[in-house]
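Data first, discussion second: the structure below is written as structure tokens.
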Protein chains: 4
Amino acid sequence: MPEQVTRAGVIGATGYTGAELLRLLVGHSRVELHAVTSRTDAGARVADVFPWLRGKTRLVFAPPDAETIRECDVVFFATPHGYAMAQSRSLLDAGVRIVDLSADFRLRSRSEWEQWYGMAHTAPELLAEAVYGLPEIFRDRIRTARLVANPGCYPTAVILGYLPLLKNGVVRHTGLIADAKSGVSGAGRKAELGVLFSEMGESFKAYSVPGHRHHPEIRQCLETVTAGPVDIAFVPHLVPMVRGIHATLYAEAESDADLQQVFECAYADEPFVDVLPAGSHPETRSVRGSNVCRIAVHRSLGHRVIVLSVIDNLVKGAAGQAIQNMNLMFGMPETCGLEATAVVP
Amino acid sequence: MPEQVTRAGVIGATGYTGAELLRLLVGHSRVELHAVTSRTDAGARVADVFPWLRGKTRLVFAPPDAETIRECDVVFFATPHGYAMAQSRSLLDAGVRIVDLSADFRLRSRSEWEQWYGMAHTAPELLAEAVYGLPEIFRDRIRTARLVANPGCYPTAVILGYLPLLKNGVVRHTGLIADAKSGVSGAGRKAELGVLFSEMGESFKAYSVPGHRHHPEIRQCLETVTAGPVDIAFVPHLVPMVRGIHATLYAEAESDADLQQVFECAYADEPFVDVLPAGSHPETRSVRGSNVCRIAVHRSLGHRVIVLSVIDNLVKGAAGQAIQNMNLMFGMPETCGLEATAVVP
Amino acid sequence: MPEQVTRAGVIGATGYTGAELLRLLVGHSRVELHAVTSRTDAGARVADVFPWLRGKTRLVFAPPDAETIRECDVVFFATPHGYAMAQSRSLLDAGVRIVDLSADFRLRSRSEWEQWYGMAHTAPELLAEAVYGLPEIFRDRIRTARLVANPGCYPTAVILGYLPLLKNGVVRHTGLIADAKSGVSGAGRKAELGVLFSEMGESFKAYSVPGHRHHPEIRQCLETVTAGPVDIAFVPHLVPMVRGIHATLYAEAESDADLQQVFECAYADEPFVDVLPAGSHPETRSVRGSNVCRIAVHRSLGHRVIVLSVIDNLVKGAAGQAIQNMNLMFGMPETCGLEATAVVP
Amino acid sequence: MPEQVTRAGVIGATGYTGAELLRLLVGHSRVELHAVTSRTDAGARVADVFPWLRGKTRLVFAPPDAETIRECDVVFFATPHGYAMAQSRSLLDAGVRIVDLSADFRLRSRSEWEQWYGMAHTAPELLAEAVYGLPEIFRDRIRTARLVANPGCYPTAVILGYLPLLKNGVVRHTGLIADAKSGVSGAGRKAELGVLFSEMGESFKAYSVPGHRHHPEIRQCLETVTAGPVDIAFVPHLVPMVRGIHATLYAEAESDADLQQVFECAYADEPFVDVLPAGSHPETRSVRGSNVCRIAVHRSLGHRVIVLSVIDNLVKGAAGQAIQNMNLMFGMPETCGLEATAVVP
């Protein structure tokens, strides 16, 4: 019996996240890329917009309301926030399962969502149903989910770094500090002055110190783990590179546990989390183009724990994790289409 | 009947070319990576030296004279020049076929080789046997070769750009100018002051204008195509990026041929040469991590032809082309293990 | 008697060229920065828009039609093309001298200008009066000019590289090839997708191969030098760095002249052209932030001449040269305000 | 009466710190660069080694023991640690004043120094005399010092960021976290594999998490300010850029003080510390090539204080601060030779 093929669609495929989905999906042996849409490029051949896909797909960008989207088994939203919540109900009713890479279904609290995103949430009834798509915590629920809220890039790196510590009760739940650094592709493919090469090149800065939308997302997930309040500071920075996130995570130890062992046990069976040997310093390039999160844990000055966590923001931080979720939802091997080794140097 | 597996060895696997071979070979479904050697890292686990290979291989670097090398079906030399010529005779006698990524067998003339590389050639009797491993020209001879001289990175980009023009007699054989630009990984993984990040960052320069070793290699191959003398200038430059070569090639037209058609015909059946639509400007990133050469041809001011040719210097310019050659030598599909889409952005 | 101070104004000071003018003018001991205008930032304090100017100026961006502009001794246009030609007549009538950093007055032929820039020229009567602001050729005319057309960045690097060869008749006037590479700041400070960090980073490409506006400007100036037709190809490329231009220039020798001596003689008295020792390869960083053009000349294969010429596109290629022109126009020492050493590394 | 000129010498002038000293000293109107030494380049002309200094100096590198060094009024050590302590006694006896840019005299405790630097300290009697050269704290002592220990780059950025908070008692002295990021030039001009362009490009990592030599230096200085123990974590990272340090500093507030006002008051009279408006995010490029430290302070979630502090590691973090110290020691205006505006973009 031949393997079953999953028909996938991508809505909003001309941003970096969408382009990365296309890159990964054209190489996925059990997926047929059935429909891709774009408001700005509807009518254009995908391979004309993204020349590196020449020879990989003959698809043409459809308009966002294309009927072909409803013929898919799974649809990925790679849209700005506000789009997925408008279209999800109708797609779910048509039997299409959804992985939303935007932020629309990441926060369980409607009011908190509306406060951070500055608009009304138009599908609040789906917030409870949506499953937060971090397989390392919610794998079982993802398998059966109709609607998966794919995590943000920073939350993925930060949560995977704190998870073993909080789950095992070895650090305090207050005074957490997540100092995170991202390549510029995290800012998206939008024509904005601030992310020009000549603005970002040979420079480094923090941004959104007063508040970033990934902050409540991180806190919500960590509080699920601890079943209680978590106090965490989150400061993002922009690095003059295209891909990669490095999270440097600080916590106060509450036990003498062997931290290396705590991490190795926590992730022993995880296909995409790699705990480095004691004393390591992961480089973002070591995961470039791959779906792996590499982590190192250090104990400093006796009482302080420092975790270093790196991902490729476009893969494990977005498109790769979305495909990992799809694999789970459709009973495919979790690593299918995600086996590539990082491209280094 | 199960597919046959080719046992491969890599000698000198700790440079960039060697590391790239490992990255590609661990993902090659019909190859078993059997032995890797390194003078500097013998005894260390490959995955400790290159953490991005964690989970991909359990191999340990052997010393260069390891017996396991002789058990391989094919051995890749990723060594500085001078090594392959010392060991090839013995390996060939043991029935091992060789793809040499160094320069030892690229020039047919012993005296020219010795002049450019500044040492005596110790295996001159193999120069005539060695096949220049550019499949787009020498595919048939590569299939049966025992010893393949894998082309240099610049020569690959330059020759593929000029080939359709010279083969079809549409440009003069004099006054050719190849202005080539390379990412810094082309300079190798050596602790040298000149290629420090702080020396190369945010700067651009030409180098080796008085003469570069890839110059005679380019000329020799082009003269094979034209069956007569070729006059070409070659100027290499260093670009502040890690991977990628861009060759800008100038020639004087001698016919009114439709150049776009000349190129499309020349490469219609080539799996790894992509002729872009008329008017295009290929970006090096469009081939990053992939084995593709993308080419655009322009006619300017009536009589001048300008060709733009890009490759990833570590893939089509080195390790990828070496695997393409191995595939040919062992009767595997030519694209096996080389199907990856470029990683963009 | 105190030194006289020149009152300067900058129109369109929020692009990279304008910002660089401000950087240099606030450090010029004999200039008072009297007025700066901006359509987009009128009303904002200069030091709020460009924080690196905090403590250097208290000026506020005025609207483009501010009266204070007419109070200046000299006005720099750092505007897109089309603006300077609209305002120059009125300013000249008010006794204000002009250095136009846009392209409006660079071509002597109105029809050629209109063809390349795609709009009608509204001040054609000034084309004949405007002096091309390359001091190394037109120093005397610049001293008395009312209207100086500041050269483009590529033309500056290319012309200075060819000048000694053409002036001394040592190369042919045909078959010239200028392969030029620029940092991304040359593309300007505009919110465009193509120059995002994530589009330009870790990549290299040619652009405008079918035709670039600096091509007729280069040819016009070289033909002034040769007093006859010049045939030249010009291909620009984008380098993943912010500042710097490297021009690699090819020509066919027509004499056995000592090229090193030709260049050293030609530029012996030039304060801003530095001929490097024979065999050198100038780096763009060696002129970063400085007004110097560094040049090396090579003779290859007997008959071919290769010149390497580097400038900082924003200094000698724009703002610095504009100030050099102002210094000449107002009888100040030519190097005043331009003495800074390049910032390396 | 003509201005007096200070005769300066630089020992070990071929690293990045030494080169930056040369860049700044050749532009200092009241300094005569009298002697520069280098073990590796003795006999070579400075302008041949550093072509960007062509036309700026005719000096030749002398050997380290050159007699001309003793003729200087002030000598800068830009050497690896271990050199200054060997030569300082003799120079001081000869009446030469010293600014040591190495770490030899930064720690007051001999045993702590020996523990961190792994060698015996051969001039312990000078540790008490040496003045820590951070003018914002020790200006008066610097004026009369014979021997100034120029601060490390990280300590400068970190201490200036914490100083107003600790001096005014508005934060706790425990739980401080300094997450610092540096451009690669901070690693020095040494031929080491780890800092190759192809190792550092397009990647980001932490390093020395178990312990960095700047940690005790930071703690010692902060404890001078608080006159009591300070508990601080310090984690350095490498950014794929050449110049710049960004320190992100965390502390727990102990008062409701107006933090913006605290900082503005603290630095109101400082020529080289610029407190940005509330809500700002300083970029490292805003200080590139300049001696300025730009700082922004944020209060997050009520009780936590976040300070962002940027410097150019080679200027305010090394050579610029050394010259600021020299200016103080010799009664010159503190800003002399350090007025340059940052080079942006």
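Following the order of the structure tokens, first chain is A, next is B, and so on, with residues numbered from 1 inside each chain and ligands from 1 in the order they appear.
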
Checklist entry - Could you name the residues that touch Gly320 in chain C at 12 Å or less, counting only C-alpha atoms, but leaving out those on the same chain fewer than 4 positions away, as number ranges by chain? => result C: 17-25, 27-28, 76, 99, 101, 133-135, 150-153, 156, 272, 287-293, 311-316, 324-327, 334-340

Item to check | Residues of range 22-269 of chain C in helix (DSSP H, G or I), written as a PyMOL selection string | outcome: chain C and resi 22-25+46-49+51-53+67-71+84-93+110-117+124-126+135-144+153-167+184-187+193-195+197-200+214-226+259-266

Next on the checklist: Quick one: residues within 12 Å of Arg108 in chain A, only C-alpha atoms, excluding same-chain residues fewer than 5 positions away - as a ChimeraX atom specification?
Outcome noted: /A:103,113-114,121,123-132,149,216-217,219-221,224

Next on the checklist: Would you mind listing, as an NGL selection string, all residues of chain D that have at least one atom within 7 Å of chain C, where only C-alpha atoms are what counts?
Outcome noted: :D and (23 or 51-53 or 242 or 286-287 or 289 or 341-343 or 345)

Item to check | Contacts of Ala251 in chain C at 6 Å (only C-alpha atoms; same-chain gap of 2+ positions) as a list in words | outcome: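 Residues near the query, excluding close chain neighbours: Leu176, Arg304 and Val305 of chain C.
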
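Nearest residue to Phe204 in chain A, choosing from D:Gly186, D:Gly95, D:Gly244, D:Gly175 and counting only C-alpha atoms: D:Gly244.
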
Checklist entry - What lies within 10 Å of Asp258 in chain D using only C-alpha atoms, ignoring chain neighbours under 5 positions off, as a list in words? => result Val170, Phe263 and Arg299 of chain D

Serialized selection, N, CA and C atoms, as a PDB file, in the first residue's frame:
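Saved to again17.pdb:
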ATOM      1  N   VAL D 170      19.682  53.084  44.732  1.00  0.00           N
ATOM      2  CA  VAL D 170      18.312  52.808  44.289  1.00  0.00           C
ATOM      3  C   VAL D 170      18.100  51.356  43.861  1.00  0.00           C
ATOM      4  N   PHE D 263      19.949  59.220  36.349  1.00  0.00           N
ATOM      5  CA  PHE D 263      21.021  59.100  35.349  1.00  0.00           C
ATOM      6  C   PHE D 263      21.421  60.459  34.788  1.00  0.00           C
ATOM      7  N   ARG D 299      12.437  51.068  33.504  1.00  0.00           N
ATOM      8  CA  ARG D 299      11.898  50.387  34.670  1.00  0.00           C
ATOM      9  C   ARG D 299      10.838  49.435  34.142  1.00  0.00           C
TER      10      ARG D 299
END

Checklist entry - Within 8 Å of Val209 in chain B, counting only C-alpha atoms, which residues qualify if same-chain residues fewer than 5 places away don't, as a count of residues only? => result 6
